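File shown here: model12.txt, holding compact mmCIF, C-alpha atoms.
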# COMPACT_ATOMS: atom_id res chain seq x y z
CA MET A 280 -21.39 -14.02 11.12
CA LEU A 281 -19.35 -10.82 11.01
CA SER A 282 -19.26 -8.84 14.23
CA LYS A 283 -21.42 -5.70 14.10
CA HIS A 284 -21.94 -5.05 17.79
CA VAL A 285 -19.82 -1.88 17.84
CA PHE A 286 -21.98 -0.06 15.29
CA SER A 287 -25.67 0.60 14.82
CA GLU A 288 -27.47 -0.45 11.67
CA LYS A 289 -27.79 3.21 10.68
CA GLN A 290 -24.07 3.77 11.07
CA LEU A 291 -23.36 0.77 8.85
CA GLN A 292 -25.91 1.92 6.27
CA ASP A 293 -24.40 5.40 6.24
CA ALA A 294 -20.88 3.99 5.90
CA THR A 295 -21.99 1.80 2.99
CA ALA A 296 -23.68 4.73 1.28
CA LEU A 297 -20.51 6.80 1.72
CA ARG A 298 -18.39 3.99 0.31
CA HIS A 299 -20.64 3.80 -2.74
CA ARG A 300 -20.39 7.55 -3.20
CA LEU A 301 -16.60 7.35 -3.11
CA HIS A 302 -16.63 4.45 -5.56
CA GLN A 303 -18.74 6.47 -7.98
CA ASN A 304 -16.30 9.39 -7.82
CA PRO A 305 -12.75 8.00 -8.00
CA GLU A 306 -9.76 10.34 -8.12
CA LEU A 307 -6.16 9.52 -9.06
CA LYS A 308 -3.13 10.01 -6.84
CA PHE A 309 -2.67 13.58 -5.61
CA GLN A 310 -5.93 14.59 -7.32
CA GLU A 311 -8.17 13.45 -4.44
CA THR A 312 -9.53 16.96 -3.88
CA ASP A 313 -13.25 16.12 -3.68
CA THR A 314 -12.55 13.02 -1.59
CA ALA A 315 -10.37 14.99 0.81
CA THR A 316 -12.98 17.75 1.13
CA LEU A 317 -15.68 15.20 1.94
CA VAL A 318 -13.46 13.44 4.48
CA ALA A 319 -12.47 16.70 6.18
CA LYS A 320 -16.09 17.85 6.39
CA GLN A 321 -17.23 14.64 8.06
CA LEU A 322 -14.34 14.66 10.53
CA ARG A 323 -14.97 18.27 11.53
CA ALA A 324 -18.64 17.47 12.05
CA LEU A 325 -17.59 14.71 14.44
CA GLY A 326 -15.47 17.16 16.45
CA TYR A 327 -11.93 16.38 15.31
CA THR A 328 -9.24 18.99 14.75
CA VAL A 329 -8.62 18.71 11.01
CA THR A 330 -5.69 19.73 8.83
CA GLU A 331 -6.02 19.61 5.04
CA GLY A 332 -3.50 19.86 2.21
CA ILE A 333 -0.88 17.60 3.78
CA ALA A 334 1.32 15.95 1.13
CA ILE A 335 -0.78 17.83 -1.47
CA THR A 336 -4.23 16.33 -0.81
CA GLY A 337 -3.86 14.46 2.48
CA VAL A 338 -6.02 15.02 5.55
CA MET A 339 -5.15 14.55 9.23
CA ALA A 340 -7.70 14.51 12.04
CA GLU A 341 -6.56 14.76 15.65
CA LEU A 342 -8.23 13.91 18.92
CA ASP A 343 -6.56 15.05 22.14
CA THR A 344 -8.33 13.45 25.07
CA GLY A 345 -6.68 15.92 27.46
CA ARG A 346 -5.32 13.04 29.53
CA ASP A 347 -1.78 11.69 29.49
CA GLY A 348 -1.32 8.55 27.48
CA PRO A 349 0.09 7.03 24.29
CA VAL A 350 -0.07 8.69 20.88
CA ILE A 351 -1.32 6.37 18.15
CA ALA A 352 -2.16 6.83 14.47
CA PHE A 353 -4.56 5.07 12.11
CA ARG A 354 -4.24 5.35 8.34
CA ALA A 355 -6.50 5.03 5.30
CA ASP A 356 -5.62 5.63 1.64
CA MET A 357 -7.89 7.58 -0.72
CA ASP A 358 -6.66 7.32 -4.33
CA ALA A 359 -8.05 5.30 -7.24
CA LEU A 360 -6.54 3.76 -10.38
CA PRO A 361 -6.64 4.53 -14.13
CA ILE A 362 -8.78 1.48 -14.93
CA LEU A 363 -12.02 1.35 -16.95
CA GLU A 364 -14.56 -0.34 -14.68
CA ALA A 365 -16.41 -3.35 -16.09
CA ASN A 366 -19.01 -3.69 -13.32
CA ALA A 367 -22.68 -2.83 -13.82
CA PHE A 368 -24.00 -2.25 -10.28
CA ASP A 369 -25.63 1.02 -9.23
CA HIS A 370 -22.53 2.47 -7.56
CA CYS A 371 -20.27 1.89 -10.58
CA SER A 372 -17.68 4.59 -11.33
CA GLN A 373 -19.07 7.70 -12.99
CA GLN A 374 -15.61 8.79 -14.12
CA GLU A 375 -14.76 6.93 -17.31
CA GLY A 376 -11.34 5.32 -17.17
CA LEU A 377 -11.00 5.75 -13.41
CA MET A 378 -11.89 3.14 -10.80
CA HIS A 379 -11.49 2.24 -7.14
CA ALA A 380 -10.00 -1.12 -8.07
CA CYS A 381 -8.00 -1.60 -4.87
CA GLY A 382 -10.61 -0.82 -2.23
CA HIS A 383 -9.33 2.53 -1.06
CA ASP A 384 -12.93 3.72 -1.11
CA GLY A 385 -13.62 1.01 1.48
CA HIS A 386 -10.53 1.87 3.51
CA THR A 387 -11.59 5.51 3.69
CA ALA A 388 -15.16 4.59 4.65
CA THR A 389 -13.76 2.20 7.27
CA LEU A 390 -11.71 4.83 9.06
CA LEU A 391 -14.56 7.36 8.97
CA LEU A 392 -16.86 4.75 10.51
CA ALA A 393 -14.26 4.07 13.20
CA ALA A 394 -13.76 7.80 13.75
CA GLU A 395 -17.41 8.20 14.75
CA ALA A 396 -17.23 5.40 17.32
CA ILE A 397 -13.91 6.63 18.70
CA MET A 398 -15.22 10.14 19.20
CA ALA A 399 -18.28 8.76 20.99
CA MET A 400 -16.06 7.07 23.59
CA ARG A 401 -13.51 9.87 23.97
CA ASP A 402 -14.32 10.28 27.68
CA GLU A 403 -13.17 6.70 28.25
CA LEU A 404 -9.79 7.27 26.59
CA CYS A 405 -6.45 8.81 27.48
CA GLY A 406 -3.71 9.98 25.16
CA TYR A 407 -3.93 11.20 21.59
CA ILE A 408 -5.17 9.82 18.26
CA LYS A 409 -4.24 10.87 14.72
CA LEU A 410 -6.32 9.72 11.77
CA LEU A 411 -4.31 9.89 8.54
CA PHE A 412 -6.19 9.98 5.22
CA GLN A 413 -3.38 9.59 2.76
CA PRO A 414 -3.14 10.42 -0.95
CA GLY A 415 -1.00 8.75 -3.58
CA GLU A 416 -0.61 5.19 -2.35
CA GLU A 417 -0.84 3.88 -5.91
CA GLY A 418 2.67 4.59 -7.14
CA GLY A 419 2.98 8.01 -5.53
CA ASN A 420 4.66 7.11 -2.22
CA GLY A 421 2.12 9.31 -0.48
CA ALA A 422 3.01 7.75 2.88
CA ASP A 423 6.59 8.93 2.48
CA LEU A 424 5.36 12.45 1.79
CA MET A 425 3.02 12.32 4.79
CA VAL A 426 5.91 11.27 7.03
CA LYS A 427 8.12 14.04 5.64
CA ALA A 428 5.28 16.51 6.27
CA GLY A 429 5.49 15.63 9.97
CA VAL A 430 2.28 13.68 10.62
CA LEU A 431 4.12 11.37 13.04
CA GLU A 432 5.41 14.34 15.07
CA ASN A 433 4.02 17.02 17.41
CA PRO A 434 3.12 14.95 19.35
CA ASN A 435 5.31 12.02 18.40
CA VAL A 436 3.37 8.91 17.41
CA SER A 437 4.35 5.79 19.37
CA ALA A 438 2.46 3.23 17.23
CA VAL A 439 0.79 3.26 13.81
CA PHE A 440 -1.85 0.94 12.31
CA GLY A 441 -3.49 0.37 8.95
CA TYR A 442 -5.09 -2.41 6.93
CA HIS A 443 -5.86 -3.72 3.47
CA ASN A 444 -8.70 -5.85 2.20
CA ARG A 445 -7.62 -9.17 0.67
CA PRO A 446 -9.67 -10.91 -2.05
CA GLY A 447 -9.38 -14.68 -1.94
CA PHE A 448 -9.60 -14.85 1.86
CA PRO A 449 -12.95 -15.47 3.63
CA ALA A 450 -15.00 -12.31 3.99
CA GLY A 451 -14.41 -10.79 7.40
CA GLN A 452 -11.43 -12.97 8.28
CA LEU A 453 -8.94 -10.81 10.16
CA PHE A 454 -5.33 -11.89 9.87
CA VAL A 455 -1.86 -10.65 10.70
CA LYS A 456 1.60 -11.62 9.47
CA SER A 457 4.30 -10.74 11.98
CA GLY A 458 7.58 -9.48 10.55
CA SER A 459 7.84 -9.35 6.75
CA ALA A 460 4.24 -9.00 5.57
CA MET A 461 4.38 -7.37 2.12
CA GLY A 462 7.06 -6.97 -0.51
CA GLY A 463 9.30 -4.03 -1.20
CA ASN A 464 9.22 -2.57 -4.71
CA ASP A 465 12.17 -1.13 -6.62
CA THR A 466 11.76 -0.08 -10.25
CA TYR A 467 14.68 0.84 -12.50
CA LYS A 468 14.99 2.14 -16.05
CA VAL A 469 18.14 0.92 -17.78
CA ILE A 470 19.35 2.29 -21.12
CA ILE A 471 22.05 0.22 -22.84
CA LYS A 472 24.01 2.28 -25.35
CA GLY A 473 25.64 0.34 -28.17
CA VAL A 474 26.79 1.28 -31.65
CA SER A 475 24.27 1.03 -34.44
CA GLY A 476 25.09 -0.80 -37.65
CA HIS A 477 23.98 -3.04 -40.47
CA ALA A 478 22.37 -6.35 -39.55
CA ALA A 479 24.71 -8.10 -42.00
CA MET A 480 27.82 -6.72 -40.30
CA PRO A 481 27.33 -7.14 -36.53
CA HIS A 482 31.12 -7.11 -35.94
CA LEU A 483 31.13 -3.41 -36.84
CA ALA A 484 28.41 -2.61 -34.31
CA VAL A 485 27.79 -3.05 -30.59
CA ASP A 486 24.41 -4.75 -30.32
CA PRO A 487 22.40 -3.44 -27.33
CA ILE A 488 19.72 -6.09 -27.89
CA TYR A 489 22.25 -8.86 -27.36
CA VAL A 490 23.60 -7.15 -24.24
CA GLY A 491 20.05 -6.55 -22.97
CA ALA A 492 19.04 -10.15 -23.61
CA SER A 493 22.10 -11.31 -21.68
CA LEU A 494 21.10 -8.99 -18.84
CA VAL A 495 17.60 -10.51 -18.69
CA GLN A 496 19.20 -13.91 -18.13
CA GLN A 497 21.91 -12.76 -15.70
CA LEU A 498 19.46 -10.95 -13.41
CA GLN A 499 17.88 -14.25 -12.42
CA GLY A 500 21.24 -15.29 -11.02
CA LEU A 501 20.80 -12.62 -8.35
CA VAL A 502 17.61 -14.34 -7.22
CA ALA A 503 19.04 -17.86 -7.42
CA ARG A 504 22.56 -17.30 -6.12
CA HIS A 505 22.76 -14.06 -4.13
CA LYS A 506 19.48 -14.00 -2.18
CA SER A 507 19.04 -16.49 0.65
CA PRO A 508 16.65 -19.29 -0.35
CA LEU A 509 14.93 -18.73 3.00
CA GLU A 510 13.98 -15.21 1.96
CA ALA A 511 11.58 -14.09 -0.76
CA GLY A 512 12.28 -11.97 -3.82
CA VAL A 513 11.71 -11.78 -7.55
CA ILE A 514 13.10 -9.80 -10.48
CA THR A 515 10.90 -9.04 -13.49
CA VAL A 516 12.01 -7.36 -16.70
CA ALA A 517 8.68 -5.75 -17.47
CA SER A 518 9.63 -3.89 -20.63
CA PHE A 519 12.32 -4.24 -23.34
CA HIS A 520 12.29 -1.82 -26.30
CA ALA A 521 14.89 -1.55 -29.05
CA GLY A 522 15.00 -1.01 -32.81
CA ASP A 523 12.35 -0.60 -35.50
CA ALA A 524 13.89 -1.99 -38.70
CA ALA A 525 14.73 -5.58 -39.67
CA ASN A 526 18.11 -4.78 -41.22
CA VAL A 527 19.45 -2.37 -38.58
CA ILE A 528 21.22 -3.04 -35.30
CA PRO A 529 19.87 -0.20 -33.13
CA GLY A 530 22.02 2.15 -31.12
CA HIS A 531 20.29 1.63 -27.79
CA ALA A 532 17.86 -0.54 -25.86
CA GLU A 533 15.67 0.42 -22.92
CA LEU A 534 14.54 -1.94 -20.16
CA LEU A 535 12.24 -1.53 -17.15
CA ILE A 536 13.28 -3.77 -14.26
CA ASN A 537 11.04 -4.44 -11.25
CA ILE A 538 12.49 -5.98 -8.09
CA ARG A 539 10.38 -7.32 -5.21
CA SER A 540 11.87 -8.24 -1.84
CA ASP A 541 10.53 -9.33 1.54
CA ARG A 542 13.00 -7.66 3.91
CA PRO A 543 16.00 -5.30 3.90
CA SER A 544 18.52 -8.13 3.51
CA SER A 545 16.79 -9.63 0.46
CA ARG A 546 16.38 -6.16 -1.03
CA GLU A 547 20.10 -5.51 -0.67
CA ALA A 548 20.94 -8.87 -2.25
CA LEU A 549 18.86 -8.05 -5.32
CA THR A 550 19.32 -4.31 -5.76
CA GLY A 551 22.85 -4.05 -4.36
CA LYS A 552 24.47 -5.93 -7.24
CA LEU A 553 22.19 -4.76 -10.06
CA GLU A 554 24.54 -2.06 -11.31
CA GLN A 555 27.55 -4.39 -11.04
CA VAL A 556 25.87 -6.96 -13.29
CA ILE A 557 24.95 -4.31 -15.86
CA GLN A 558 28.43 -2.80 -15.74
CA GLY A 559 30.09 -6.16 -16.22
CA LEU A 560 28.01 -7.09 -19.26
CA CYS A 561 28.42 -3.70 -20.89
CA THR A 562 32.17 -3.67 -20.32
CA ALA A 563 32.53 -7.15 -21.79
CA HIS A 564 30.75 -6.14 -24.99
CA GLY A 565 31.89 -2.53 -25.38
CA ALA A 566 28.54 -0.97 -24.49
CA HIS A 567 27.69 1.81 -22.07
CA PHE A 568 24.64 2.27 -19.86
CA GLN A 569 22.51 4.63 -17.83
CA ILE A 570 20.47 3.50 -14.84
CA GLU A 571 17.67 5.44 -13.15
CA HIS A 572 15.93 4.40 -9.94
CA LEU A 573 12.32 5.33 -10.77
CA HIS A 574 10.43 4.14 -7.71
CA GLN A 575 11.12 2.59 -4.34
CA ILE A 576 8.94 1.25 -1.54
CA PRO A 577 10.65 -0.62 1.30
CA PRO A 578 9.43 -4.05 2.40
CA LEU A 579 6.56 -3.81 4.88
CA VAL A 580 7.74 -5.29 8.17
CA ASN A 581 5.28 -5.54 11.05
CA ASP A 582 6.55 -5.13 14.58
CA PRO A 583 6.34 -8.60 16.21
CA GLU A 584 5.13 -7.28 19.57
CA TRP A 585 2.40 -5.15 18.03
CA SER A 586 1.39 -8.01 15.74
CA GLU A 587 0.76 -10.18 18.80
CA ARG A 588 -1.13 -7.39 20.53
CA VAL A 589 -3.37 -6.75 17.53
CA LEU A 590 -4.36 -10.42 17.44
CA ALA A 591 -4.98 -10.47 21.19
CA ILE A 592 -7.05 -7.27 21.06
CA ALA A 593 -9.06 -8.60 18.11
CA ALA A 594 -9.87 -11.76 20.06
CA LYS A 595 -10.66 -9.94 23.30
CA HIS A 596 -13.12 -7.60 21.60
CA ALA A 597 -14.56 -10.28 19.26
CA VAL A 598 -13.79 -8.09 16.25
CA SER A 599 -14.25 -11.09 13.96
CA ASP A 600 -15.24 -14.71 14.45
CA ASP A 601 -12.27 -15.72 12.26
CA ILE A 602 -8.91 -14.39 13.48
CA GLN A 603 -5.71 -15.84 12.10
CA GLN A 604 -1.97 -15.43 12.52
CA LEU A 605 -0.22 -16.21 9.24
CA ASP A 606 3.20 -17.79 9.09
CA TYR A 607 3.68 -16.87 5.43
CA MET A 608 3.59 -13.64 3.44
CA PRO A 609 0.13 -13.27 1.89
CA THR A 610 1.48 -11.21 -1.01
CA MET A 611 4.66 -9.83 -2.57
CA GLY A 612 2.69 -6.76 -3.59
CA ALA A 613 4.04 -3.50 -2.19
CA GLU A 614 2.31 -1.11 0.20
CA ASP A 615 3.69 2.29 1.10
CA PHE A 616 2.46 1.94 4.69
CA ALA A 617 5.99 0.55 5.04
CA PHE A 618 7.25 4.14 5.24
CA TYR A 619 5.33 4.69 8.49
CA LEU A 620 6.68 1.42 9.93
CA GLN A 621 10.22 2.53 9.16
CA GLU A 622 9.69 5.43 11.57
CA VAL A 623 7.59 3.94 14.39
CA PRO A 624 6.50 0.42 15.33
CA GLY A 625 3.03 -0.82 14.51
CA CYS A 626 1.03 -3.33 12.54
CA PHE A 627 -0.60 -3.53 9.13
CA PHE A 628 -3.39 -6.09 9.33
CA PHE A 629 -5.60 -7.66 6.66
CA VAL A 630 -9.31 -8.36 6.31
CA GLY A 631 -10.58 -10.94 3.83
CA ASN A 632 -12.75 -9.55 1.03
CA GLY A 633 -14.29 -12.89 0.05
CA ASP A 634 -14.43 -14.28 -3.48
CA SER A 635 -14.34 -10.92 -5.25
CA ALA A 636 -12.24 -10.25 -8.33
CA TYR A 637 -8.64 -9.57 -7.39
CA LEU A 638 -7.14 -6.14 -6.69
CA HIS A 639 -6.49 -3.87 -9.70
CA ASN A 640 -9.01 -5.86 -11.75
CA GLU A 641 -11.76 -4.15 -13.79
CA LYS A 642 -14.40 -6.31 -12.02
CA TYR A 643 -13.18 -5.75 -8.45
CA ASP A 644 -15.38 -4.25 -5.74
CA PHE A 645 -14.85 -3.73 -2.02
CA ASN A 646 -17.08 -5.96 0.10
CA ASP A 647 -19.28 -3.71 2.25
CA GLN A 648 -19.93 -6.58 4.66
CA ILE A 649 -16.38 -6.30 6.03
CA LEU A 650 -16.74 -2.66 7.11
CA PRO A 651 -17.70 -3.51 10.72
CA VAL A 652 -14.76 -5.90 11.10
CA ALA A 653 -12.14 -3.49 9.77
CA ALA A 654 -13.55 -0.45 11.55
CA GLY A 655 -14.12 -2.54 14.66
CA MET A 656 -10.41 -3.37 14.76
CA PHE A 657 -9.49 0.32 14.81
CA VAL A 658 -12.04 0.96 17.56
CA ALA A 659 -10.78 -1.99 19.59
CA LEU A 660 -7.20 -0.73 19.26
CA ALA A 661 -8.20 2.73 20.48
CA LYS A 662 -10.16 1.28 23.37
CA SER A 663 -7.36 -1.07 24.43
CA VAL A 664 -4.26 1.04 23.87
CA LEU A 665 -5.75 4.30 25.14
CA SER A 666 -7.86 2.93 27.97
CA GLN A 667 -7.77 4.83 31.26
CA ARG A 668 -6.15 2.74 33.95
Kindly return the structure encoded in the file as structure tokens.
Amino acid sequence: MLSKHVFSEKQLQDATALRHRLHQNPELKFQETDTATLVAKQLRALGYTVTEGIAITGVMAELDTGRDGPVIAFRADMDALPILEANAFDHCSQQEGLMHACGHDGHTATLLLAAEAIMAMRDELCGYIKLLFQPGEEGGNGADLMVKAGVLENPNVSAVFGYHNRPGFPAGQLFVKSGSAMGGNDTYKVIIKGVSGHAAMPHLAVDPIYVGASLVQQLQGLVARHKSPLEAGVITVASFHAGDAANVIPGHAELLINIRSDRPSSREALTGKLEQVIQGLCTAHGAHFQIEHLHQIPPLVNDPEWSERVLAIAAKHAVSDDIQQLDYMPTMGAEDFAFYLQEVPGCFFFVGNGDSAYLHNEKYDFNDQILPVAAGMFVALAKSVLSQR
């Protein structure tokens, strides 16, 4: 049974209804205007000091208890994905081609549910709380923009917390991975410039397809021989385009390269020598190249001390009847919450979503039954970290 003791049945019903409303009205990164307006309205009604328009469409709610104590921050993401939903339930997306396929509708509803409970116990707390409703997690590095906008300052945040639902884990299971918990993501565009020519006379040309194919093979050597086998990382050539005629050697080839890493050292091993490998191959074959770093999210590394505290707090407050500490990374997927953890210590925890379709799938849906567990963890953190002593 999932713990619901923190919230009334009406609160859970209202949170579910809100989640369904958000699911029906998905908005892409940095277009979350209606979502942000709804979030800000609810937070103001609860009594929070609210700032809108942070990092374009982000919202921050602040609660100053008026008593000295720590400053902590909780985060939820708000954006959806450009996916055509294939579900047929009543709260299916009403925006064709857009879908909450990662559960950010649930994350937003979770933090709003927690916000109500936290405000209700404000007289029991000391210190300061910031609730961060972030745009652009899906490929927009919205967390980085929120940090640069100063959400961790004035007053300075001492610890930050967030979570993600995880399909494939038991519904309501709360788990934490200390240290490296999610992968970093680096994406590069590489253009190899050769010399075009006739397919029958390759010696008069510089074939960018041959150079590119060699690069695809050589990149795996970085994984096998430059990264420690005790660390995790993977390189994927996700796109390779060149030529359009059977009797022509094209003048250039374009590749998209995606690199995943579990910690700064594995990231450096894989990204640090990328340009050297490309340079060496191009020099050997008389080609030239351009490289562009399109996107970067650092590995998500949980603070070990806060990871232990989150587990202890979850157990003390019976947030879930299934609390686990993982000794392996549950995913190499990236999460821009890593930008917050680069600035201040904290913990990004997970809550099992049950046997739903996986994230970014057209049949995915957030499991409403996990709302009290996820929101309960935020409430338990506020109660424990900001308790008056």
So which residues touch Phe618 of chain A within 9 Å, counting all atoms listed in the file, skipping near sequence neighbours fewer than 5 positions away, as a PDB file with C-alpha atoms, in the frame of the given file?
ATOM      1  CA  ASN A 420       4.660   7.110  -2.220  1.00  0.00           C
ATOM      2  CA  ALA A 422       3.010   7.750   2.880  1.00  0.00           C
ATOM      3  CA  ASP A 423       6.590   8.930   2.480  1.00  0.00           C
ATOM      4  CA  VAL A 426       5.910  11.270   7.030  1.00  0.00           C
ATOM      5  CA  ILE A 576       8.940   1.250  -1.540  1.00  0.00           C
ATOM      6  CA  PRO A 577      10.650  -0.620   1.300  1.00  0.00           C
ATOM      7  CA  PRO A 578       9.430  -4.050   2.400  1.00  0.00           C
ATOM      8  CA  LEU A 579       6.560  -3.810   4.880  1.00  0.00           C
TER       9      LEU A 579
END
Selection near Glu331 of chain A, 8 Å with all atoms listed in the file, sequence-local residues under 5 positions removed, as a PyMOL selection string: chain A and resi 315+319+336-339
Preceding selection exported with C-alpha atoms as a PDB file, in the coordinates of the input:
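The file below, again-v1.pdb, is the result:
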ATOM      1  CA  ALA A 315     -10.370  14.990   0.810  1.00  0.00           C
ATOM      2  CA  ALA A 319     -12.470  16.700   6.180  1.00  0.00           C
ATOM      3  CA  THR A 336      -4.230  16.330  -0.810  1.00  0.00           C
ATOM      4  CA  GLY A 337      -3.860  14.460   2.480  1.00  0.00           C
ATOM      5  CA  VAL A 338      -6.020  15.020   5.550  1.00  0.00           C
ATOM      6  CA  MET A 339      -5.150  14.550   9.230  1.00  0.00           C
TER       7      MET A 339
END
| query | Near Cys381 of chain A, counting all atoms listed in the file, which residues have an atom at most 9 Å away, once you skip same-chain residues fewer than 3 positions from it, shown as a PyMOL selection string? | reply | chain A and resi 359-360+378+384-385+443-444+637-640+643-645
Prev. selection, C-alpha atoms, output as a compact mmCIF listing (two decimals), in the coordinates of the input:
# COMPACT_ATOMS: atom_id res chain seq x y z
CA ALA A 359 -8.05 5.30 -7.24
CA LEU A 360 -6.54 3.76 -10.38
CA MET A 378 -11.89 3.14 -10.80
CA ASP A 384 -12.93 3.72 -1.11
CA GLY A 385 -13.62 1.01 1.48
CA HIS A 443 -5.86 -3.72 3.47
CA ASN A 444 -8.70 -5.85 2.20
CA TYR A 637 -8.64 -9.57 -7.39
CA LEU A 638 -7.14 -6.14 -6.69
CA HIS A 639 -6.49 -3.87 -9.70
CA ASN A 640 -9.01 -5.86 -11.75
CA TYR A 643 -13.18 -5.75 -8.45
CA ASP A 644 -15.38 -4.25 -5.74
CA PHE A 645 -14.85 -3.73 -2.02
Judged by all atoms listed in the file, the minimum distance to Glu403 of chain A among A:Gly512, A:Gly345, A:Gly326, A:Gly476 is found for A:Gly345
Exercise. Mind pulling up the distance from atom CA of Ala340 of chain A to atom CA of Gly451 of chain A?
Worked result: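 Atom CA of Ala340 of chain A lies at a distance of 26.6 Å from atom CA of Gly451 of chain A.
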Using all atoms listed in the file, find each residue of segment 648-667 of chain A with at least one atom at most 12 Å away from an atom of segment 294-302 of chain A; report its shortest atom-to-atom pair and that distance in Å (one decimal), sort the rows by chain and rising residue number, and return the result as CSV.
residue,atom,partner,partner_atom,distance
A:Gln648,CA,A:Thr295,CA,8.8
A:Ile649,CA,A:Thr295,CA,10.3
A:Leu650,CA,A:Ala294,CA,7.9
A:Pro651,CA,A:Ala294,CA,9.5
A:Ala654,CA,A:Ala294,CA,10.3
Just to confirm, what's the straight-line distance from atom CA of Leu494 of chain A to atom CA of Ile470 of chain A in Å (one decimal)?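 For atom CA of Leu494 of chain A relative to atom CA of Ile470 of chain A, the distance reads 11.6 Å.
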Pairwise distance for atom CA of Val350 of chain A and atom CA of Leu665 of chain A, rounded to one decimal in Å:
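Rounded to one decimal, the two atoms are 8.3 Å apart.
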Quick one: residues within 8 Å of Ile471 of chain A, all atoms listed in the file, excluding same-chain residues fewer than 4 positions away - as a VMD selection string? chain A and resid 487 490 to 491 531 to 533 561 566 to 569
Shortest contact to Asn537 of chain A, candidates A:Asp293, A:Asp486, A:Asp582, A:Asp465, atoms counted all atoms listed in the file, goes to A:Asp465
Fill in: Expected residue set, 9 Å radius at (-17.3, -5.5, -13.2), only C-alpha atoms, as a ChimeraX atom specification
/A:364-368,371,636,640-644
Of A:Gln604, A:Ser457, A:Thr316, A:Ser437, the one sitting nearest Glu622 of chain A when using only C-alpha atoms is A:Ser437
inquiry  = Within 10 Å of (11.2, -14.9, -7.8) in the file's own coordinates, which protein, DNA or RNA residues have an atom, counting all atoms listed in the file? List them as a list in words.
reply    =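 Every residue inside that radius is included here: Gln499, Leu501, Val502, Ala503, Ala511, Gly512, Val513, Ile514, Thr515, Ile538, Arg539, Ser540 and Met611 of chain A.
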**Report entry** Best match for closeness to Val598 of chain A among A:Thr562, A:Gln667, A:Thr328, A:Gln452, counting only C-alpha atoms
**Finding:**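 Answer, going by the shortest atom-to-atom distance: A:Gln452.
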Pick from A:Gln413, A:Lys468, A:Gln373, A:Gly382, whichever lies nearest to Thr314 of chain A using only C-alpha atoms
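Closest residue, counting only C-alpha atoms: A:Gln413.
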Here is a test: counting all atoms listed in the file, which residue of A:His520, A:Arg542, A:His572, A:Arg588 is nearest to Lys506 of chain A?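 Comparing A:His520, A:Arg542, A:His572, A:Arg588 against Lys506 of chain A, the winner is A:Arg542.
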> Contacts of Arg354 of chain A at 8 Å or less, counting only C-alpha atoms, minus same-chain residues fewer than 4 places along, as a PyMOL selection string?
Replying inline: chain A and resi 390+410-413+439-442
